[in-house]
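K.L.:
Just one file: structure-v8.txt, with compact mmCIF, C-alpha atoms.
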```txt
# COMPACT_ATOMS: atom_id res chain seq x y z
CA MET Y 1 0.59 -4.63 -33.46
CA ALA Y 2 2.69 -3.83 -30.41
CA ALA Y 3 3.90 -5.85 -27.46
CA ILE Y 4 5.12 -5.01 -23.99
CA LEU Y 5 7.86 -7.01 -22.25
CA THR Y 6 8.35 -7.01 -18.50
CA LEU Y 7 11.50 -8.10 -16.67
CA ASN Y 8 11.50 -8.68 -12.93
CA ALA Y 9 14.96 -9.64 -11.71
CA GLY Y 10 14.92 -10.96 -8.15
CA SER Y 11 17.77 -12.24 -6.04
CA SER Y 12 17.55 -15.84 -7.29
CA SER Y 13 15.18 -15.73 -10.26
CA ILE Y 14 14.01 -13.58 -13.17
CA LYS Y 15 10.30 -13.39 -13.91
CA PHE Y 16 9.09 -12.12 -17.25
CA GLY Y 17 5.91 -11.41 -19.15
CA VAL Y 18 4.89 -10.58 -22.70
CA TYR Y 19 1.70 -8.55 -23.17
CA ALA Y 20 -0.31 -7.27 -26.10
CA ALA Y 21 -0.31 -3.49 -25.78
CA GLY Y 22 -3.74 -2.03 -25.02
CA ASP Y 23 -5.82 -0.29 -22.40
CA ASP Y 24 -5.55 -3.39 -20.18
CA PRO Y 25 -2.50 -5.27 -21.50
CA ALA Y 26 -3.38 -8.89 -22.30
CA SER Y 27 -0.90 -11.60 -21.39
CA LEU Y 28 0.68 -13.46 -24.31
CA ALA Y 29 3.32 -15.37 -22.39
CA SER Y 30 4.91 -15.47 -18.97
CA GLY Y 31 7.45 -17.40 -17.01
CA GLN Y 32 10.68 -17.24 -15.16
CA VAL Y 33 14.23 -18.42 -14.97
CA ASP Y 34 14.24 -20.14 -11.58
CA ARG Y 35 17.12 -21.08 -9.28
CA LEU Y 36 19.81 -19.10 -11.07
CA GLY Y 37 23.04 -21.06 -11.01
CA PRO Y 38 23.94 -24.62 -11.97
CA GLU Y 39 20.35 -25.81 -11.47
CA ALA Y 40 18.71 -22.97 -13.44
CA ARG Y 41 15.51 -23.82 -15.27
CA LEU Y 42 13.42 -21.78 -17.66
CA ILE Y 43 9.65 -22.01 -17.36
CA LEU Y 44 7.56 -20.59 -20.21
CA GLU Y 45 3.78 -20.49 -20.31
CA ALA Y 46 2.09 -19.36 -23.52
CA GLY Y 47 -1.51 -20.06 -24.47
CA ASP Y 48 -2.41 -23.49 -23.13
CA GLY Y 49 1.17 -24.74 -23.27
CA ARG Y 50 3.86 -24.94 -20.65
CA GLU Y 51 7.51 -25.61 -21.29
CA GLU Y 52 10.20 -26.24 -18.73
CA ARG Y 53 13.82 -26.93 -19.46
CA ALA Y 54 17.29 -26.56 -18.03
CA VAL Y 55 19.21 -23.49 -19.20
CA GLU Y 56 22.73 -22.23 -18.89
CA ALA Y 57 21.93 -19.30 -16.62
CA ALA Y 58 24.64 -19.03 -14.01
CA ASP Y 59 23.88 -15.36 -13.46
CA HIS Y 60 21.26 -12.72 -14.20
CA ARG Y 61 22.80 -11.57 -17.48
CA ALA Y 62 22.74 -15.10 -18.88
CA GLY Y 63 19.20 -15.50 -17.56
CA VAL Y 64 17.98 -12.44 -19.47
CA ALA Y 65 19.62 -13.77 -22.65
CA ALA Y 66 17.76 -17.07 -22.23
CA ILE Y 67 14.47 -15.21 -21.76
CA LEU Y 68 14.92 -13.06 -24.87
CA GLU Y 69 15.50 -16.20 -26.91
CA ALA Y 70 12.52 -18.02 -25.38
CA ILE Y 71 9.99 -15.25 -26.08
CA ARG Y 72 10.70 -14.97 -29.81
CA PRO Y 73 7.59 -17.00 -30.79
CA ALA Y 74 5.35 -14.90 -28.52
CA THR Y 75 6.59 -11.64 -30.04
CA ALA Y 76 6.54 -12.84 -33.64
CA GLY Y 77 4.73 -10.29 -35.77
CA ARG Y 78 4.68 -7.75 -32.96
CA GLU Y 79 6.99 -4.84 -32.34
CA VAL Y 80 8.19 -4.61 -28.73
CA ALA Y 81 7.16 -1.02 -28.12
CA GLY Y 82 7.96 -0.90 -24.41
CA VAL Y 83 9.95 -2.81 -21.83
CA GLY Y 84 9.11 -2.47 -18.16
CA HIS Y 85 11.62 -3.23 -15.45
CA ARG Y 86 11.32 -3.84 -11.75
CA VAL Y 87 13.95 -1.67 -10.10
CA VAL Y 88 14.31 -2.35 -6.41
CA HIS Y 89 15.60 1.00 -5.20
CA GLY Y 90 14.38 4.39 -6.34
CA GLY Y 91 15.68 6.35 -3.35
CA THR Y 92 13.83 9.50 -2.38
CA ARG Y 93 13.77 10.83 -5.94
CA PHE Y 94 11.75 8.22 -7.80
CA ASP Y 95 8.27 7.83 -6.35
CA ALA Y 96 6.52 6.86 -9.61
CA PRO Y 97 7.42 4.94 -12.80
CA ALA Y 98 10.04 6.71 -14.91
CA GLU Y 99 11.57 6.43 -18.35
CA LEU Y 100 14.99 4.84 -17.98
CA THR Y 101 17.07 7.37 -19.84
CA THR Y 102 20.85 7.26 -19.58
CA GLU Y 103 20.70 9.99 -16.93
CA VAL Y 104 18.13 8.09 -14.87
CA ARG Y 105 20.13 4.84 -15.12
CA ASP Y 106 23.21 6.68 -13.89
CA ARG Y 107 21.25 7.97 -10.88
CA LEU Y 108 19.96 4.48 -10.13
CA ALA Y 109 23.48 3.08 -10.32
CA GLU Y 110 24.40 5.41 -7.46
CA LEU Y 111 21.91 3.46 -5.31
CA VAL Y 112 23.67 0.10 -5.82
CA PRO Y 113 25.23 0.21 -2.31
CA LEU Y 114 21.70 0.35 -0.85
CA ALA Y 115 20.55 -2.80 -2.69
CA PRO Y 116 23.67 -4.70 -3.80
CA LEU Y 117 21.83 -8.01 -4.22
CA HIS Y 118 19.25 -6.56 -6.63
CA GLN Y 119 20.08 -3.18 -8.15
CA PRO Y 120 23.02 -4.37 -10.29
CA HIS Y 121 20.86 -7.18 -11.72
CA ASN Y 122 17.96 -4.80 -12.36
CA LEU Y 123 20.24 -2.44 -14.25
CA ALA Y 124 21.93 -5.30 -16.14
CA ALA Y 125 18.48 -6.35 -17.36
CA VAL Y 126 17.85 -2.78 -18.54
CA GLU Y 127 21.10 -2.70 -20.52
CA ALA Y 128 20.30 -6.09 -22.09
CA ALA Y 129 16.83 -4.86 -23.07
CA VAL Y 130 18.18 -1.60 -24.51
CA ALA Y 131 20.58 -3.61 -26.66
CA ALA Y 132 17.86 -6.04 -27.79
CA PHE Y 133 15.15 -3.41 -28.37
CA PRO Y 134 16.89 -0.08 -28.99
CA ASP Y 135 13.73 1.64 -30.22
CA ALA Y 136 11.51 0.52 -27.33
CA LEU Y 137 10.49 2.74 -24.43
CA GLN Y 138 12.27 1.51 -21.28
CA VAL Y 139 10.29 2.15 -18.09
CA GLY Y 140 11.43 1.58 -14.51
CA CYS Y 141 8.96 0.67 -11.75
CA PHE Y 142 10.38 1.05 -8.25
CA ASP Y 143 9.81 -1.22 -5.28
CA THR Y 144 10.38 1.68 -2.92
CA ALA Y 145 7.84 4.02 -4.54
CA PHE Y 146 4.75 2.46 -2.92
CA HIS Y 147 6.11 3.29 0.53
CA ARG Y 148 6.83 6.97 -0.03
CA GLY Y 149 4.66 9.15 2.17
CA HIS Y 150 5.16 7.22 5.40
CA PRO Y 151 4.97 9.29 8.58
CA PHE Y 152 8.35 10.40 9.92
CA VAL Y 153 8.25 7.95 12.81
CA ALA Y 154 7.87 5.01 10.43
CA ASP Y 155 10.88 5.99 8.30
CA ALA Y 156 13.41 7.57 10.67
CA PHE Y 157 16.28 6.03 12.60
CA ALA Y 158 17.29 7.51 15.96
CA LEU Y 159 20.45 9.03 14.50
CA PRO Y 160 21.33 12.72 14.22
CA ARG Y 161 18.68 14.34 12.00
CA ARG Y 162 21.19 15.25 9.31
CA PHE Y 163 21.45 11.59 8.30
CA TYR Y 164 17.70 11.41 7.67
CA ASP Y 165 17.93 14.55 5.59
CA GLU Y 166 20.76 12.94 3.60
CA GLY Y 167 18.60 9.90 2.82
CA VAL Y 168 19.53 7.50 5.63
CA ARG Y 169 15.99 6.38 6.36
CA ARG Y 170 13.64 3.44 5.98
CA TYR Y 171 12.54 2.94 2.38
CA GLY Y 172 10.57 -0.32 2.33
CA PHE Y 173 10.57 -2.73 -0.60
CA HIS Y 174 8.34 -5.21 -2.50
CA GLY Y 175 6.21 -2.20 -3.37
CA LEU Y 176 5.07 -3.58 -6.74
CA SER Y 177 3.69 -6.65 -5.02
CA TYR Y 178 1.90 -4.59 -2.38
CA ASP Y 179 0.52 -2.28 -5.08
CA TYR Y 180 -1.00 -5.28 -6.86
CA ILE Y 181 -2.45 -6.75 -3.66
CA ALA Y 182 -3.99 -3.40 -2.73
CA GLY Y 183 -5.64 -3.29 -6.16
CA ARG Y 184 -6.99 -6.82 -5.79
CA LEU Y 185 -8.41 -5.99 -2.37
CA ALA Y 186 -10.10 -2.87 -3.75
CA ALA Y 187 -11.71 -4.88 -6.56
CA GLU Y 188 -12.67 -8.03 -4.64
CA HIS Y 189 -12.83 -7.09 -0.96
CA PRO Y 190 -13.61 -3.35 -0.83
CA ALA Y 191 -14.56 -3.37 2.86
CA LEU Y 192 -11.22 -4.94 3.78
CA HIS Y 193 -9.35 -2.59 1.45
CA ALA Y 194 -10.83 0.35 3.33
CA GLY Y 195 -9.60 -1.03 6.63
CA ARG Y 196 -6.39 -2.20 8.29
CA VAL Y 197 -4.58 -4.98 6.43
CA VAL Y 198 -1.20 -6.64 6.95
CA VAL Y 199 0.29 -8.19 3.82
CA ALA Y 200 3.03 -10.79 4.19
CA HIS Y 201 5.12 -11.10 1.03
CA LEU Y 202 7.06 -14.30 1.65
CA GLY Y 203 9.52 -15.51 -0.95
CA ASN Y 204 13.28 -15.77 -1.25
CA GLY Y 205 13.02 -12.15 -0.19
CA ALA Y 206 10.45 -11.52 2.53
CA SER Y 207 8.79 -8.51 4.07
CA MET Y 208 5.52 -7.23 5.49
CA CYS Y 209 3.53 -4.10 4.82
CA ALA Y 210 0.84 -2.41 6.89
CA LEU Y 211 -1.93 -1.03 4.67
CA SER Y 212 -4.51 1.50 5.80
CA GLY Y 213 -7.12 2.23 3.16
CA GLY Y 214 -4.86 0.59 0.59
CA ARG Y 215 -1.89 2.84 1.37
CA SER Y 216 1.39 1.77 2.93
CA VAL Y 217 1.95 3.18 6.40
CA ALA Y 218 4.83 0.92 7.50
CA SER Y 219 7.17 -1.75 6.13
CA SER Y 220 9.29 -4.35 7.87
CA MET Y 221 12.19 -3.59 5.52
CA GLY Y 222 14.28 -0.52 6.13
CA PHE Y 223 17.24 1.34 4.66
CA SER Y 224 18.20 -1.74 2.68
CA ALA Y 225 16.54 -5.01 1.73
CA LEU Y 226 18.27 -6.69 4.69
CA ASP Y 227 16.02 -5.58 7.54
CA GLY Y 228 12.96 -7.24 9.02
CA LEU Y 229 12.15 -10.88 8.34
CA PRO Y 230 14.85 -13.51 7.72
CA MET Y 231 15.02 -14.44 4.04
CA GLY Y 232 16.57 -17.04 1.78
CA THR Y 233 20.13 -15.80 2.21
CA ARG Y 234 19.62 -12.47 4.03
CA CYS Y 235 19.72 -12.11 7.78
CA GLY Y 236 16.73 -9.88 8.50
CA GLN Y 237 16.73 -7.88 11.73
CA ILE Y 238 20.08 -7.90 13.54
CA ASP Y 239 21.61 -5.97 16.42
CA PRO Y 240 24.13 -3.52 14.89
CA GLY Y 241 26.38 -4.34 17.80
CA VAL Y 242 26.94 -7.74 16.17
CA LEU Y 243 28.36 -5.98 13.12
CA LEU Y 244 30.67 -3.84 15.25
CA TYR Y 245 31.85 -7.00 16.98
CA LEU Y 246 32.56 -8.71 13.65
CA MET Y 247 34.41 -5.64 12.41
CA ASP Y 248 36.59 -5.72 15.52
CA ARG Y 249 37.39 -9.31 14.63
CA GLY Y 250 38.68 -8.19 11.24
CA MET Y 251 35.72 -8.42 8.90
CA GLY Y 252 35.64 -5.63 6.32
CA ALA Y 253 32.78 -4.20 4.29
CA ASP Y 254 33.06 -6.83 1.55
CA ASP Y 255 33.10 -9.65 4.11
CA LEU Y 256 30.04 -8.27 5.88
CA THR Y 257 28.18 -7.74 2.62
CA ARG Y 258 28.77 -11.34 1.60
CA LEU Y 259 27.80 -12.61 5.05
CA LEU Y 260 24.60 -10.60 5.43
CA TYR Y 261 23.31 -10.81 1.86
CA ARG Y 262 24.47 -14.22 0.65
CA GLU Y 263 25.39 -16.49 3.56
CA SER Y 264 22.74 -15.82 6.19
CA GLY Y 265 18.97 -16.27 6.47
CA LEU Y 266 17.54 -19.72 5.90
CA LEU Y 267 20.73 -20.87 4.20
CA GLY Y 268 22.95 -19.77 7.06
CA LEU Y 269 20.69 -21.11 9.81
CA SER Y 270 20.13 -24.48 8.17
CA GLY Y 271 23.38 -25.11 6.35
CA VAL Y 272 21.12 -26.99 3.93
CA SER Y 273 19.46 -24.59 1.49
CA HIS Y 274 17.91 -21.16 1.00
CA ASP Y 275 14.91 -22.76 -0.69
CA MET Y 276 11.89 -23.36 1.53
CA ARG Y 277 10.81 -26.32 -0.59
CA THR Y 278 14.07 -28.08 0.19
CA LEU Y 279 13.92 -27.22 3.89
CA LEU Y 280 10.37 -28.50 4.30
CA ALA Y 281 11.39 -31.80 2.69
CA SER Y 282 14.54 -32.14 4.82
CA ARG Y 283 14.88 -34.19 8.00
CA ASP Y 284 17.97 -32.29 9.09
CA PRO Y 285 17.37 -30.79 12.57
CA ASP Y 286 19.11 -27.59 11.49
CA ALA Y 287 16.57 -27.21 8.69
CA GLU Y 288 13.82 -27.51 11.29
CA ASP Y 289 15.51 -24.84 13.41
CA ALA Y 290 15.65 -22.51 10.42
CA ILE Y 291 11.93 -22.99 9.74
CA ALA Y 292 11.10 -22.46 13.40
CA TYR Y 293 13.04 -19.20 13.49
CA TYR Y 294 11.46 -18.03 10.24
CA THR Y 295 7.89 -18.62 11.39
CA HIS Y 296 8.62 -17.16 14.82
CA ARG Y 297 9.79 -13.93 13.23
CA ILE Y 298 6.74 -13.84 10.95
CA ALA Y 299 4.46 -14.02 14.00
CA ARG Y 300 6.38 -11.21 15.72
CA GLU Y 301 6.20 -9.01 12.65
CA ILE Y 302 2.46 -9.55 12.25
CA GLY Y 303 2.05 -8.21 15.77
CA ALA Y 304 4.28 -5.24 15.04
CA MET Y 305 2.41 -4.33 11.85
CA ALA Y 306 -0.95 -4.66 13.63
CA ALA Y 307 0.35 -2.27 16.30
CA GLU Y 308 1.27 0.24 13.58
CA LEU Y 309 -2.31 0.06 12.32
CA GLY Y 310 -3.99 0.12 15.73
CA GLY Y 311 -5.72 -3.16 14.98
CA LEU Y 312 -6.17 -5.72 12.24
CA ASP Y 313 -9.04 -6.29 9.81
CA ALA Y 314 -7.35 -8.84 7.53
CA LEU Y 315 -4.09 -10.67 6.88
CA VAL Y 316 -2.92 -11.52 3.35
CA PHE Y 317 -0.23 -14.03 2.39
CA THR Y 318 1.48 -13.62 -0.98
CA GLY Y 319 4.80 -14.41 -2.69
CA GLY Y 320 6.15 -17.85 -3.58
CA VAL Y 321 6.29 -19.14 -0.01
CA GLY Y 322 3.22 -17.23 1.15
CA GLU Y 323 1.09 -18.58 -1.69
CA ASN Y 324 2.28 -22.19 -1.71
CA ALA Y 325 3.78 -23.26 1.63
CA ALA Y 326 0.77 -24.26 3.76
CA PRO Y 327 2.93 -25.52 6.67
CA ILE Y 328 4.63 -22.12 6.94
CA ARG Y 329 1.32 -20.28 7.09
CA ALA Y 330 -0.03 -22.67 9.73
CA ARG Y 331 3.07 -22.47 11.91
CA ALA Y 332 3.33 -18.69 11.62
CA LEU Y 333 -0.23 -18.23 12.90
CA ALA Y 334 -0.10 -20.89 15.61
CA GLY Y 335 -0.54 -19.06 18.90
CA LEU Y 336 -2.02 -15.90 17.37
CA GLU Y 337 -5.60 -16.83 18.20
CA TRP Y 338 -5.60 -13.95 20.70
CA MET Y 339 -5.40 -11.63 17.68
CA GLY Y 340 -8.34 -13.36 16.01
CA LEU Y 341 -6.02 -15.23 13.64
CA ALA Y 342 -6.45 -18.95 13.04
CA VAL Y 343 -6.12 -21.31 10.08
CA ASP Y 344 -8.67 -23.72 8.66
CA PRO Y 345 -6.46 -26.83 8.13
CA GLU Y 346 -8.31 -28.14 5.07
CA ALA Y 347 -8.55 -24.80 3.30
CA ASN Y 348 -4.91 -24.07 4.12
CA ALA Y 349 -3.71 -27.43 2.80
CA ALA Y 350 -5.60 -26.78 -0.43
CA ASN Y 351 -4.02 -23.32 -0.81
CA ALA Y 352 -7.54 -21.89 -0.88
CA ARG Y 353 -8.00 -18.15 -1.26
CA ARG Y 354 -9.64 -17.86 2.18
CA ILE Y 355 -7.91 -19.95 4.84
CA GLY Y 356 -8.93 -18.23 8.07
CA ALA Y 357 -10.90 -19.87 10.88
CA GLY Y 358 -10.85 -16.97 13.32
CA ASP Y 359 -12.47 -13.55 13.59
CA VAL Y 360 -9.91 -11.90 11.30
CA PRO Y 361 -10.03 -12.98 7.63
CA VAL Y 362 -6.84 -14.65 6.35
CA LEU Y 363 -6.45 -14.55 2.57
CA VAL Y 364 -4.00 -16.04 0.09
CA ILE Y 365 -3.69 -13.78 -2.96
CA PRO Y 366 -1.17 -14.58 -5.70
CA THR Y 367 0.80 -11.48 -6.55
CA ASP Y 368 1.48 -10.28 -10.09
CA GLU Y 369 4.23 -7.68 -10.15
CA GLU Y 370 4.57 -8.10 -13.92
CA ARG Y 371 1.03 -6.87 -14.53
CA VAL Y 372 1.71 -3.76 -12.43
CA ILE Y 373 4.79 -3.12 -14.56
CA ALA Y 374 2.95 -3.76 -17.84
CA ARG Y 375 0.21 -1.29 -16.89
CA ALA Y 376 2.84 1.35 -16.09
CA VAL Y 377 4.48 0.83 -19.48
CA GLN Y 378 1.11 1.09 -21.22
CA GLU Y 379 0.39 4.37 -19.45
CA ALA Y 380 3.78 5.72 -20.51
CA LEU Y 381 3.20 4.63 -24.11
CA SER Y 382 -0.25 6.21 -24.16
CA ALA Y 383 1.06 9.44 -22.65
CA GLY Y 384 3.84 9.60 -25.22
```
Could you express the structure from this file as structure tokens?
P.N.:
Amino acid sequence: MAAILTLNAGSSSIKFGVYAAGDDPASLASGQVDRLGPEARLILEAGDGREERAVEAADHRAGVAAILEAIRPATAGREVAGVGHRVVHGGTRFDAPAELTTEVRDRLAELVPLAPLHQPHNLAAVEAAVAAFPDALQVGCFDTAFHRGHPFVADAFALPRRFYDEGVRRYGFHGLSYDYIAGRLAAEHPALHAGRVVVAHLGNGASMCALSGGRSVASSMGFSALDGLPMGTRCGQIDPGVLLYLMDRGMGADDLTRLLYRESGLLGLSGVSHDMRTLLASRDPDAEDAIAYYTHRIAREIGAMAAELGGLDALVFTGGVGENAAPIRARALAGLEWMGLAVDPEANAANARRIGAGDVPVLVIPTDEERVIARAVQEALSAG
């Protein structure tokens, strides 16, 4: 009997899944290493049991090692035939899942400057999996792939055209999440799937996607995973003139990278934490300012995505914050009644799947990037 392992390395956590190989891979175990660093904890769910414990996972490499040890009981008696990896950036070349050969990994390493907070961790997870399962098929699934095929106006910057031709363009991210949500809409809400839907993926990383007929036509993220909404430690949209100003004051590329990727966003605004759970529980006025800015930008981006679509037939919240933080959803939609968006307080507080009280349906759909990855690995195994 064969098993499939999935590894999804985010900026502050590593999600994983173990599946029995088959036409529709069945989950054997799942979990994550959360809050990488001194407070890292491993959560493992298998069967009816749930285990949570502190782990020594100061970085992504140590986190992967903890996961490989934790899943031994789930893989007992099964050969790990394939390992699927979330890879944030596939550039213009990779628009579908691909076997992670040495040549492909080298090409993906060239994209590290475009996603420095994620790509190195994604590739480190691949190397750890290759070492642990040398005979397994390693498959990469790319967050950027779902957004390929955008119209020129949605991907271009107003720079000389040669830069676009060289790959300086908007790529969009969180594609695995949007792929899963589009599939859920098709299965459970086919009329909405056929229409104009904005999906808000809100987590430590945050973005929005405009879907028309289940296909991405625009993303709030751009050339890198910095653009668009403010995030846990990333700035979101910023005037490039600010960066020129900071450079004139002596900040170099390394300083700016650290500032924009690791010291900004909710953490930078609040001075308290990058974690929305902590901010919502805080009485610090700076934490309140950070939340206010975050929800203000969500409201603006909903309007922008609806404009891309020429209207709005549904709004979907997903991601850790989108699925669980009722106050964020309520505050983001406050004042958007003119768009037909409103929240039912009781349904919202209960994290119900339908929380809208206006003309436009508002849904909460848990995402499952690991299942998208597992299905891609199964397809590759079947094709091989």
K.L.:
I'd like the neighbourhood of Leu229 (chain Y) as a list in words, where a residue qualifies if any of its atoms comes within 9 Å (using only C-alpha atoms), though same-chain residues fewer than 5 positions away should be ignored.
P.N.:
Gly205, Ala206, Ser207, Met208, Ser220, Met221, Arg234, Cys235, Gly236, Gln237, Gly265, Tyr294, Arg297, Ile298 and Glu301 of chain Y
K.L.:
Between CA of Phe146 (chain Y) and CA of His193 (chain Y), what is the distance in Å, rounded to a tenth?
P.N.:
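Going from CA of Phe146 (chain Y) over to CA of His193 (chain Y) covers 15.6 Å.
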K.L.:
Do you have the CA of Gly319 (chain Y)-CA of Thr367 (chain Y) distance handy?
P.N.:
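CA of Thr367 (chain Y) lies 6.3 Å from CA of Gly319 (chain Y).
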K.L.:
Extract, using all atoms listed in the file, all DNA, RNA and protein residues at most 9 Å from Ala124 (chain Y), discarding same-chain residues fewer than 6 positions from it, and format them as a ChimeraX atom specification.
P.N.:
/Y:60-61,64
K.L.:
With C-alpha atoms retained, export the selected residues as a PDB file, keeping the file's coordinate frame.
P.N.:
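Output file part.pdb is given in full below:
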```pdb
ATOM      1  CA  HIS Y  60      21.260 -12.720 -14.200  1.00  0.00           C
ATOM      2  CA  ARG Y  61      22.800 -11.570 -17.480  1.00  0.00           C
ATOM      3  CA  VAL Y  64      17.980 -12.440 -19.470  1.00  0.00           C
TER       4      VAL Y  64
END
```
K.L.:
Hey, which of Y:Pro160, Y:Gly241, Y:Gly47, Y:Pro327 ends up closest to Ala74 (chain Y)? Count all atoms listed in the file.
P.N.:
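The shortest atom-to-atom distance to Ala74 (chain Y) comes from Y:Gly47.
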K.L.:
Compile the contact shell of Arg93 (chain Y) as a list of chain:residue names: residues with an atom at most 10 Å away, counting all atoms listed in the file, same-chain residues fewer than 4 positions apart removed.
P.N.:
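Non-adjacent residues within range: Y:Arg107, Y:Leu108, Y:Ala145, Y:Arg148.
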K.L.:
Can you work out which one of Y:Gly49, Y:Gly322, Y:Gly82, Y:Pro151 has the shortest atom-to-atom distance to Gly384 (chain Y), counting all atoms listed in the file?
P.N.:
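Closest candidate: Y:Gly82.
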K.L.:
Fewer than 4 positions away in the same chain doesn't count, so skip those; otherwise give me all residues within 12 Å of region 269-276 of chain Y, counting all atoms listed in the file, as a ChimeraX atom specification.
P.N.:
/Y:11-13,34-35,202-206,230-236,261-265,280-295,320-322,324-328
K.L.:
Would you export the selected residues with C-alpha atoms as a compact mmCIF listing (two decimals), keeping the file's coordinate frame, please?
P.N.:
```txt
# COMPACT_ATOMS: atom_id res chain seq x y z
CA SER Y 11 17.77 -12.24 -6.04
CA SER Y 12 17.55 -15.84 -7.29
CA SER Y 13 15.18 -15.73 -10.26
CA ASP Y 34 14.24 -20.14 -11.58
CA ARG Y 35 17.12 -21.08 -9.28
CA LEU Y 202 7.06 -14.30 1.65
CA GLY Y 203 9.52 -15.51 -0.95
CA ASN Y 204 13.28 -15.77 -1.25
CA GLY Y 205 13.02 -12.15 -0.19
CA ALA Y 206 10.45 -11.52 2.53
CA PRO Y 230 14.85 -13.51 7.72
CA MET Y 231 15.02 -14.44 4.04
CA GLY Y 232 16.57 -17.04 1.78
CA THR Y 233 20.13 -15.80 2.21
CA ARG Y 234 19.62 -12.47 4.03
CA CYS Y 235 19.72 -12.11 7.78
CA GLY Y 236 16.73 -9.88 8.50
CA TYR Y 261 23.31 -10.81 1.86
CA ARG Y 262 24.47 -14.22 0.65
CA GLU Y 263 25.39 -16.49 3.56
CA SER Y 264 22.74 -15.82 6.19
CA GLY Y 265 18.97 -16.27 6.47
CA LEU Y 280 10.37 -28.50 4.30
CA ALA Y 281 11.39 -31.80 2.69
CA SER Y 282 14.54 -32.14 4.82
CA ARG Y 283 14.88 -34.19 8.00
CA ASP Y 284 17.97 -32.29 9.09
CA PRO Y 285 17.37 -30.79 12.57
CA ASP Y 286 19.11 -27.59 11.49
CA ALA Y 287 16.57 -27.21 8.69
CA GLU Y 288 13.82 -27.51 11.29
CA ASP Y 289 15.51 -24.84 13.41
CA ALA Y 290 15.65 -22.51 10.42
CA ILE Y 291 11.93 -22.99 9.74
CA ALA Y 292 11.10 -22.46 13.40
CA TYR Y 293 13.04 -19.20 13.49
CA TYR Y 294 11.46 -18.03 10.24
CA THR Y 295 7.89 -18.62 11.39
CA GLY Y 320 6.15 -17.85 -3.58
CA VAL Y 321 6.29 -19.14 -0.01
CA GLY Y 322 3.22 -17.23 1.15
CA ASN Y 324 2.28 -22.19 -1.71
CA ALA Y 325 3.78 -23.26 1.63
CA ALA Y 326 0.77 -24.26 3.76
CA PRO Y 327 2.93 -25.52 6.67
CA ILE Y 328 4.63 -22.12 6.94
```
K.L.:
Calculated over only C-alpha atoms, which of the candidates Y:Ala40, Y:Ala2, Y:Leu123, Y:Ala131 has the smallest distance to Arg78 (chain Y)?
P.N.:
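Once distances to Arg78 (chain Y) are computed over only C-alpha atoms, the minimum belongs to Y:Ala2.
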